[in-house]
$ cat target31.cif   # mmCIF, N, CA and C atoms
data_protein
loop_
_atom_site.label_atom_id
_atom_site.label_comp_id
_atom_site.auth_asym_id
_atom_site.auth_seq_id
_atom_site.Cartn_x
_atom_site.Cartn_y
_atom_site.Cartn_z
N MET A 1 -201.91 45.69 33.23
CA MET A 1 -201.23 45.94 34.47
C MET A 1 -200.49 44.68 34.89
N LEU A 2 -199.23 44.85 35.27
CA LEU A 2 -198.37 43.72 35.62
C LEU A 2 -198.06 43.78 37.12
N LEU A 3 -198.35 42.72 37.86
CA LEU A 3 -198.07 42.66 39.29
C LEU A 3 -196.86 41.75 39.53
N LEU A 4 -195.86 42.27 40.27
CA LEU A 4 -194.65 41.50 40.56
C LEU A 4 -194.54 41.21 42.07
N THR A 5 -195.60 40.91 42.70
CA THR A 5 -195.56 40.70 44.15
C THR A 5 -194.84 39.41 44.52
N GLY A 6 -194.73 38.45 43.67
CA GLY A 6 -194.07 37.18 43.98
C GLY A 6 -192.55 37.26 43.90
N CYS A 7 -191.98 38.32 43.39
CA CYS A 7 -190.53 38.42 43.20
C CYS A 7 -189.80 38.99 44.42
N ALA A 8 -190.43 39.79 45.19
CA ALA A 8 -189.76 40.44 46.32
C ALA A 8 -189.99 39.64 47.60
N PRO A 9 -188.94 39.53 48.45
CA PRO A 9 -189.16 38.82 49.71
C PRO A 9 -190.09 39.61 50.61
N SER A 10 -190.85 38.89 51.42
CA SER A 10 -191.82 39.56 52.28
C SER A 10 -191.16 40.24 53.48
N THR A 11 -190.01 39.74 53.92
CA THR A 11 -189.28 40.38 55.02
C THR A 11 -187.85 40.65 54.56
N PRO A 12 -187.23 41.70 55.08
CA PRO A 12 -185.85 41.97 54.67
C PRO A 12 -184.91 40.87 55.16
N GLU A 13 -183.89 40.64 54.38
CA GLU A 13 -182.90 39.60 54.72
C GLU A 13 -181.89 40.18 55.70
N VAL A 14 -181.64 39.46 56.78
CA VAL A 14 -180.68 39.89 57.79
C VAL A 14 -179.42 39.06 57.65
N ILE A 15 -178.29 39.74 57.53
CA ILE A 15 -177.00 39.06 57.42
C ILE A 15 -176.20 39.39 58.67
N THR A 16 -175.74 38.35 59.34
CA THR A 16 -174.96 38.52 60.56
C THR A 16 -173.52 38.13 60.29
N LYS A 17 -172.60 38.98 60.70
CA LYS A 17 -171.17 38.70 60.53
C LYS A 17 -170.59 38.44 61.91
N VAL A 18 -169.84 37.36 62.04
CA VAL A 18 -169.22 37.00 63.31
C VAL A 18 -167.71 37.15 63.19
N ASN A 19 -167.14 37.91 64.09
CA ASN A 19 -165.68 38.04 64.14
C ASN A 19 -165.19 37.30 65.38
N GLU A 20 -164.28 36.37 65.19
CA GLU A 20 -163.72 35.66 66.32
C GLU A 20 -162.51 36.42 66.83
N VAL A 21 -162.49 36.64 68.12
CA VAL A 21 -161.37 37.33 68.76
C VAL A 21 -160.80 36.39 69.81
N TYR A 22 -159.52 36.09 69.69
CA TYR A 22 -158.87 35.21 70.65
C TYR A 22 -158.17 36.06 71.70
N LEU A 23 -158.50 35.80 72.95
CA LEU A 23 -157.90 36.52 74.06
C LEU A 23 -157.04 35.57 74.87
N PHE A 24 -155.88 36.03 75.26
CA PHE A 24 -154.97 35.23 76.07
C PHE A 24 -154.64 36.00 77.33
N PRO A 25 -154.44 35.28 78.43
CA PRO A 25 -154.06 35.95 79.67
C PRO A 25 -152.72 36.66 79.51
N PRO A 26 -152.44 37.60 80.38
CA PRO A 26 -151.15 38.28 80.32
C PRO A 26 -150.01 37.27 80.41
N PRO A 27 -148.92 37.50 79.68
CA PRO A 27 -147.80 36.54 79.66
C PRO A 27 -147.23 36.22 81.04
N ALA A 28 -147.29 37.16 81.96
CA ALA A 28 -146.74 36.90 83.29
C ALA A 28 -147.50 35.76 83.98
N TYR A 29 -148.77 35.56 83.62
CA TYR A 29 -149.56 34.50 84.24
C TYR A 29 -149.25 33.13 83.62
N LEU A 30 -148.57 33.12 82.48
CA LEU A 30 -148.34 31.87 81.75
C LEU A 30 -146.93 31.33 81.89
N VAL A 31 -146.10 31.98 82.66
CA VAL A 31 -144.72 31.53 82.86
C VAL A 31 -144.74 30.24 83.69
N ASP A 32 -143.93 29.26 83.27
CA ASP A 32 -143.85 28.01 84.02
C ASP A 32 -143.36 28.26 85.44
N CYS A 33 -143.83 27.43 86.33
CA CYS A 33 -143.39 27.50 87.73
C CYS A 33 -142.12 26.66 87.86
N ALA A 34 -141.06 27.30 88.27
CA ALA A 34 -139.78 26.60 88.42
C ALA A 34 -139.66 26.06 89.84
N PRO A 35 -139.22 24.82 89.99
CA PRO A 35 -139.02 24.29 91.34
C PRO A 35 -137.85 25.01 92.01
N PRO A 36 -137.95 25.24 93.32
CA PRO A 36 -136.89 25.98 93.99
C PRO A 36 -135.59 25.19 94.13
N PHE A 37 -135.67 23.87 94.06
CA PHE A 37 -134.46 23.03 94.17
C PHE A 37 -134.47 22.00 93.05
N ASP A 38 -133.29 21.67 92.54
CA ASP A 38 -133.22 20.67 91.48
C ASP A 38 -132.51 19.39 91.92
N SER A 39 -132.16 19.30 93.20
CA SER A 39 -131.54 18.08 93.70
C SER A 39 -132.20 17.68 95.01
N GLU A 40 -132.08 16.41 95.35
CA GLU A 40 -132.67 15.93 96.58
C GLU A 40 -131.86 16.43 97.77
N PRO A 41 -132.50 16.60 98.92
CA PRO A 41 -131.77 17.02 100.10
C PRO A 41 -130.83 15.92 100.58
N ASP A 42 -129.74 16.31 101.19
CA ASP A 42 -128.75 15.34 101.67
C ASP A 42 -129.19 14.69 102.98
N THR A 43 -129.85 15.45 103.84
CA THR A 43 -130.24 14.94 105.15
C THR A 43 -131.69 15.31 105.43
N TYR A 44 -132.23 14.70 106.48
CA TYR A 44 -133.59 15.06 106.89
C TYR A 44 -133.64 16.51 107.34
N GLY A 45 -132.56 16.99 107.92
CA GLY A 45 -132.50 18.39 108.34
C GLY A 45 -132.60 19.33 107.16
N ASP A 46 -131.90 18.97 106.06
CA ASP A 46 -132.00 19.78 104.83
C ASP A 46 -133.43 19.78 104.30
N ALA A 47 -134.07 18.61 104.34
CA ALA A 47 -135.45 18.51 103.87
C ALA A 47 -136.37 19.37 104.73
N TYR A 48 -136.14 19.35 106.02
CA TYR A 48 -136.96 20.14 106.95
C TYR A 48 -136.81 21.63 106.67
N GLU A 49 -135.61 22.06 106.35
CA GLU A 49 -135.37 23.48 106.06
C GLU A 49 -135.94 23.87 104.70
N ARG A 50 -136.02 22.92 103.79
CA ARG A 50 -136.54 23.22 102.46
C ARG A 50 -138.07 23.29 102.42
N ASP A 51 -138.74 22.65 103.35
CA ASP A 51 -140.20 22.59 103.31
C ASP A 51 -140.85 23.98 103.21
N PRO A 52 -140.44 24.95 104.02
CA PRO A 52 -141.06 26.28 103.88
C PRO A 52 -140.81 26.91 102.50
N VAL A 53 -139.65 26.64 101.92
CA VAL A 53 -139.33 27.19 100.59
C VAL A 53 -140.25 26.56 99.54
N TRP A 54 -140.46 25.24 99.64
CA TRP A 54 -141.37 24.57 98.72
C TRP A 54 -142.79 25.11 98.87
N LYS A 55 -143.21 25.33 100.11
CA LYS A 55 -144.57 25.85 100.36
C LYS A 55 -144.76 27.20 99.69
N VAL A 56 -143.77 28.08 99.81
CA VAL A 56 -143.87 29.39 99.17
C VAL A 56 -143.93 29.24 97.65
N ALA A 57 -143.10 28.34 97.10
CA ALA A 57 -143.09 28.12 95.64
C ALA A 57 -144.44 27.60 95.16
N PHE A 58 -145.02 26.65 95.90
CA PHE A 58 -146.34 26.11 95.52
C PHE A 58 -147.42 27.19 95.63
N ASP A 59 -147.36 27.99 96.66
CA ASP A 59 -148.35 29.07 96.83
C ASP A 59 -148.26 30.09 95.69
N GLN A 60 -147.04 30.42 95.29
CA GLN A 60 -146.86 31.38 94.18
C GLN A 60 -147.39 30.79 92.87
N CYS A 61 -147.14 29.52 92.65
CA CYS A 61 -147.61 28.88 91.42
C CYS A 61 -149.15 28.81 91.42
N ALA A 62 -149.73 28.46 92.55
CA ALA A 62 -151.19 28.42 92.65
C ALA A 62 -151.77 29.82 92.48
N GLY A 63 -151.04 30.83 92.91
CA GLY A 63 -151.49 32.21 92.73
C GLY A 63 -151.64 32.59 91.27
N LYS A 64 -150.79 32.04 90.42
CA LYS A 64 -150.91 32.31 88.98
C LYS A 64 -152.23 31.75 88.44
N ILE A 65 -152.58 30.56 88.90
CA ILE A 65 -153.84 29.95 88.45
C ILE A 65 -155.02 30.79 88.93
N ASP A 66 -154.95 31.27 90.17
CA ASP A 66 -156.01 32.14 90.69
C ASP A 66 -156.12 33.42 89.87
N LYS A 67 -154.98 33.99 89.48
CA LYS A 67 -155.00 35.21 88.66
C LYS A 67 -155.61 34.95 87.28
N ILE A 68 -155.30 33.80 86.69
CA ILE A 68 -155.88 33.46 85.39
C ILE A 68 -157.39 33.30 85.54
N ASN A 69 -157.84 32.63 86.59
CA ASN A 69 -159.28 32.46 86.81
C ASN A 69 -159.98 33.81 86.98
N ARG A 70 -159.38 34.73 87.73
CA ARG A 70 -159.97 36.06 87.89
C ARG A 70 -159.99 36.82 86.58
N TRP A 71 -158.91 36.68 85.78
CA TRP A 71 -158.83 37.34 84.48
C TRP A 71 -159.96 36.84 83.57
N VAL A 72 -160.19 35.54 83.56
CA VAL A 72 -161.26 34.97 82.73
C VAL A 72 -162.63 35.49 83.21
N GLN A 73 -162.85 35.51 84.52
CA GLN A 73 -164.11 36.01 85.05
C GLN A 73 -164.32 37.48 84.68
N ASP A 74 -163.26 38.28 84.75
CA ASP A 74 -163.36 39.70 84.39
C ASP A 74 -163.73 39.85 82.91
N LYS A 75 -163.13 39.03 82.04
CA LYS A 75 -163.42 39.11 80.61
C LYS A 75 -164.86 38.68 80.33
N GLN A 76 -165.35 37.67 81.04
CA GLN A 76 -166.71 37.21 80.82
C GLN A 76 -167.74 38.22 81.34
N SER A 77 -167.42 38.88 82.43
CA SER A 77 -168.38 39.84 82.98
C SER A 77 -168.41 41.14 82.19
N SER A 78 -167.37 41.43 81.42
CA SER A 78 -167.34 42.67 80.65
C SER A 78 -168.02 42.52 79.28
N LYS A 79 -168.55 41.34 78.97
CA LYS A 79 -169.21 41.13 77.68
C LYS A 79 -170.55 41.82 77.64
#
$ encode --input "target31.cif" --output "structure tokens"
Amino acid sequence: MLLLTGCAPSTPEVITKVNEVYLFPPPAYLVDCAPPFDSEPDTYGDAYERDPVWKVAFDQCAGKIDKINRWVQDKQSSK
């Protein structure tokens, strides 16, 4: 009688396969923020009138960052 108990593994072998998936935010969130003006104001009055326009531009640009952060949080919570 021949015993081959030493040839077989005692536990089954587990093989794990990892697939990497790269996710990117929607392209609308990645567009560069363009400054509303490309030249310096001529007078202090011009600068005063431009301030609200700059504020809106900065708020819109910051909004993109907020949207990207929410997008990342949504992707992490859906795992």
$ closest_residue --input "target31.cif" --among "A:Val18, A:Leu23, A:Pro36, A:Ser10" --to "Ala57 (chain A)" --atoms "all atoms listed in the file"
A:Pro36
$ atom_distance --input "target31.cif" --atom1 "atom C of Glu20 (chain A)" --atom2 "atom N of Asp66 (chain A)"
25.1 Å
$ atom_distance --input "target31.cif" --atom1 "CA of Val21 (chain A)" --atom2 "CA of Lys64 (chain A)"
23.3 Å
$ closest_residue --input "target31.cif" --among "A:Lys55, A:Val72, A:Arg50, A:Gly63" --to "Pro25 (chain A)" --atoms "only N, CA and C atoms"
A:Val72
$ atom_distance --input "target31.cif" --atom1 "CA of Ala47 (chain A)" --atom2 "CA of Ala34 (chain A)"
18.0 Å
$ residues_around --input "target31.cif" --residues "Cys61 (chain A)" --least-positions-apart "6" --cutoff "10 Å" --atoms "only C-alpha atoms" --output "JSON, numbers by chain"
{"A": [29, 31, 32, 33, 34, 35, 55]}
$ select_by_dssp --input "target31.cif" --residues "chain A" --states "helix (DSSP H, G or I)" --output "count of residues only"
38
$ build_atoms --input "target31.cif" --residues "region 17-28 of chain A" --atoms "all heavy atoms" --output "PDB file, keeping the file's coordinate frame"
ATOM      1  N   LYS A  17    -172.600  38.980  60.700  1.00  0.00           N
ATOM      2  CA  LYS A  17    -171.170  38.700  60.530  1.00  0.00           C
ATOM      3  C   LYS A  17    -170.590  38.440  61.910  1.00  0.00           C
ATOM      4  O   LYS A  17    -170.806  39.214  62.841  1.00  0.00           O
ATOM      5  CB  LYS A  17    -170.460  39.876  59.871  1.00  0.00           C
ATOM      6  CG  LYS A  17    -168.999  39.626  59.628  1.00  0.00           C
ATOM      7  CD  LYS A  17    -168.343  40.809  58.943  1.00  0.00           C
ATOM      8  CE  LYS A  17    -166.869  40.522  58.750  1.00  0.00           C
ATOM      9  NZ  LYS A  17    -166.174  41.648  58.176  1.00  0.00           N
ATOM     10  N   VAL A  18    -169.840  37.360  62.040  1.00  0.00           N
ATOM     11  CA  VAL A  18    -169.220  37.000  63.310  1.00  0.00           C
ATOM     12  C   VAL A  18    -167.710  37.150  63.190  1.00  0.00           C
ATOM     13  O   VAL A  18    -167.102  36.595  62.272  1.00  0.00           O
ATOM     14  CB  VAL A  18    -169.573  35.544  63.706  1.00  0.00           C
ATOM     15  CG1 VAL A  18    -168.851  35.140  64.973  1.00  0.00           C
ATOM     16  CG2 VAL A  18    -171.070  35.380  63.847  1.00  0.00           C
ATOM     17  N   ASN A  19    -167.140  37.910  64.090  1.00  0.00           N
ATOM     18  CA  ASN A  19    -165.680  38.040  64.140  1.00  0.00           C
ATOM     19  C   ASN A  19    -165.190  37.300  65.380  1.00  0.00           C
ATOM     20  O   ASN A  19    -165.640  37.583  66.484  1.00  0.00           O
ATOM     21  CB  ASN A  19    -165.252  39.503  64.234  1.00  0.00           C
ATOM     22  CG  ASN A  19    -165.504  40.251  62.952  1.00  0.00           C
ATOM     23  OD1 ASN A  19    -165.412  39.682  61.879  1.00  0.00           O
ATOM     24  ND2 ASN A  19    -165.837  41.509  63.075  1.00  0.00           N
ATOM     25  N   GLU A  20    -164.280  36.370  65.190  1.00  0.00           N
ATOM     26  CA  GLU A  20    -163.720  35.660  66.320  1.00  0.00           C
ATOM     27  C   GLU A  20    -162.510  36.420  66.830  1.00  0.00           C
ATOM     28  O   GLU A  20    -161.630  36.791  66.064  1.00  0.00           O
ATOM     29  CB  GLU A  20    -163.309  34.248  65.928  1.00  0.00           C
ATOM     30  CG  GLU A  20    -164.486  33.355  65.631  1.00  0.00           C
ATOM     31  CD  GLU A  20    -164.066  31.932  65.350  1.00  0.00           C
ATOM     32  OE1 GLU A  20    -162.943  31.555  65.687  1.00  0.00           O
ATOM     33  OE2 GLU A  20    -164.890  31.192  64.801  1.00  0.00           O
ATOM     34  N   VAL A  21    -162.490  36.640  68.120  1.00  0.00           N
ATOM     35  CA  VAL A  21    -161.370  37.330  68.760  1.00  0.00           C
ATOM     36  C   VAL A  21    -160.800  36.390  69.810  1.00  0.00           C
ATOM     37  O   VAL A  21    -161.514  35.916  70.688  1.00  0.00           O
ATOM     38  CB  VAL A  21    -161.833  38.648  69.421  1.00  0.00           C
ATOM     39  CG1 VAL A  21    -160.684  39.323  70.134  1.00  0.00           C
ATOM     40  CG2 VAL A  21    -162.457  39.564  68.384  1.00  0.00           C
ATOM     41  N   TYR A  22    -159.520  36.090  69.690  1.00  0.00           N
ATOM     42  CA  TYR A  22    -158.870  35.210  70.650  1.00  0.00           C
ATOM     43  C   TYR A  22    -158.170  36.060  71.700  1.00  0.00           C
ATOM     44  O   TYR A  22    -157.383  36.937  71.382  1.00  0.00           O
ATOM     45  CB  TYR A  22    -157.854  34.309  69.940  1.00  0.00           C
ATOM     46  CG  TYR A  22    -158.503  33.379  68.946  1.00  0.00           C
ATOM     47  CD1 TYR A  22    -158.531  33.680  67.594  1.00  0.00           C
ATOM     48  CD2 TYR A  22    -159.107  32.207  69.375  1.00  0.00           C
ATOM     49  CE1 TYR A  22    -159.141  32.834  66.689  1.00  0.00           C
ATOM     50  CE2 TYR A  22    -159.721  31.358  68.475  1.00  0.00           C
ATOM     51  CZ  TYR A  22    -159.733  31.667  67.139  1.00  0.00           C
ATOM     52  OH  TYR A  22    -160.345  30.834  66.252  1.00  0.00           O
ATOM     53  N   LEU A  23    -158.500  35.800  72.950  1.00  0.00           N
ATOM     54  CA  LEU A  23    -157.900  36.520  74.060  1.00  0.00           C
ATOM     55  C   LEU A  23    -157.040  35.570  74.870  1.00  0.00           C
ATOM     56  O   LEU A  23    -157.430  34.431  75.127  1.00  0.00           O
ATOM     57  CB  LEU A  23    -158.983  37.114  74.960  1.00  0.00           C
ATOM     58  CG  LEU A  23    -159.928  38.107  74.301  1.00  0.00           C
ATOM     59  CD1 LEU A  23    -161.013  38.504  75.282  1.00  0.00           C
ATOM     60  CD2 LEU A  23    -159.174  39.335  73.839  1.00  0.00           C
ATOM     61  N   PHE A  24    -155.880  36.030  75.260  1.00  0.00           N
ATOM     62  CA  PHE A  24    -154.970  35.230  76.070  1.00  0.00           C
ATOM     63  C   PHE A  24    -154.640  36.000  77.330  1.00  0.00           C
ATOM     64  O   PHE A  24    -154.539  37.217  77.316  1.00  0.00           O
ATOM     65  CB  PHE A  24    -153.688  34.930  75.281  1.00  0.00           C
ATOM     66  CG  PHE A  24    -153.930  34.116  74.043  1.00  0.00           C
ATOM     67  CD1 PHE A  24    -154.047  34.721  72.808  1.00  0.00           C
ATOM     68  CD2 PHE A  24    -154.071  32.749  74.125  1.00  0.00           C
ATOM     69  CE1 PHE A  24    -154.283  33.980  71.669  1.00  0.00           C
ATOM     70  CE2 PHE A  24    -154.314  31.991  72.988  1.00  0.00           C
ATOM     71  CZ  PHE A  24    -154.419  32.608  71.756  1.00  0.00           C
ATOM     72  N   PRO A  25    -154.440  35.280  78.430  1.00  0.00           N
ATOM     73  CA  PRO A  25    -154.060  35.950  79.670  1.00  0.00           C
ATOM     74  C   PRO A  25    -152.720  36.660  79.510  1.00  0.00           C
ATOM     75  O   PRO A  25    -151.937  36.332  78.621  1.00  0.00           O
ATOM     76  CB  PRO A  25    -153.948  34.822  80.693  1.00  0.00           C
ATOM     77  CG  PRO A  25    -154.564  33.635  80.070  1.00  0.00           C
ATOM     78  CD  PRO A  25    -154.569  33.848  78.607  1.00  0.00           C
ATOM     79  N   PRO A  26    -152.440  37.600  80.380  1.00  0.00           N
ATOM     80  CA  PRO A  26    -151.150  38.280  80.320  1.00  0.00           C
ATOM     81  C   PRO A  26    -150.010  37.270  80.410  1.00  0.00           C
ATOM     82  O   PRO A  26    -150.101  36.270  81.131  1.00  0.00           O
ATOM     83  CB  PRO A  26    -151.170  39.194  81.548  1.00  0.00           C
ATOM     84  CG  PRO A  26    -152.620  39.411  81.836  1.00  0.00           C
ATOM     85  CD  PRO A  26    -153.309  38.150  81.421  1.00  0.00           C
ATOM     86  N   PRO A  27    -148.920  37.500  79.680  1.00  0.00           N
ATOM     87  CA  PRO A  27    -147.800  36.540  79.660  1.00  0.00           C
ATOM     88  C   PRO A  27    -147.230  36.220  81.040  1.00  0.00           C
ATOM     89  O   PRO A  27    -146.767  35.111  81.266  1.00  0.00           O
ATOM     90  CB  PRO A  27    -146.751  37.234  78.788  1.00  0.00           C
ATOM     91  CG  PRO A  27    -147.518  38.185  77.944  1.00  0.00           C
ATOM     92  CD  PRO A  27    -148.701  38.614  78.761  1.00  0.00           C
ATOM     93  N   ALA A  28    -147.290  37.160  81.960  1.00  0.00           N
ATOM     94  CA  ALA A  28    -146.740  36.900  83.290  1.00  0.00           C
ATOM     95  C   ALA A  28    -147.500  35.760  83.980  1.00  0.00           C
ATOM     96  O   ALA A  28    -146.927  35.068  84.825  1.00  0.00           O
ATOM     97  CB  ALA A  28    -146.815  38.160  84.137  1.00  0.00           C
TER      98      ALA A  28
END
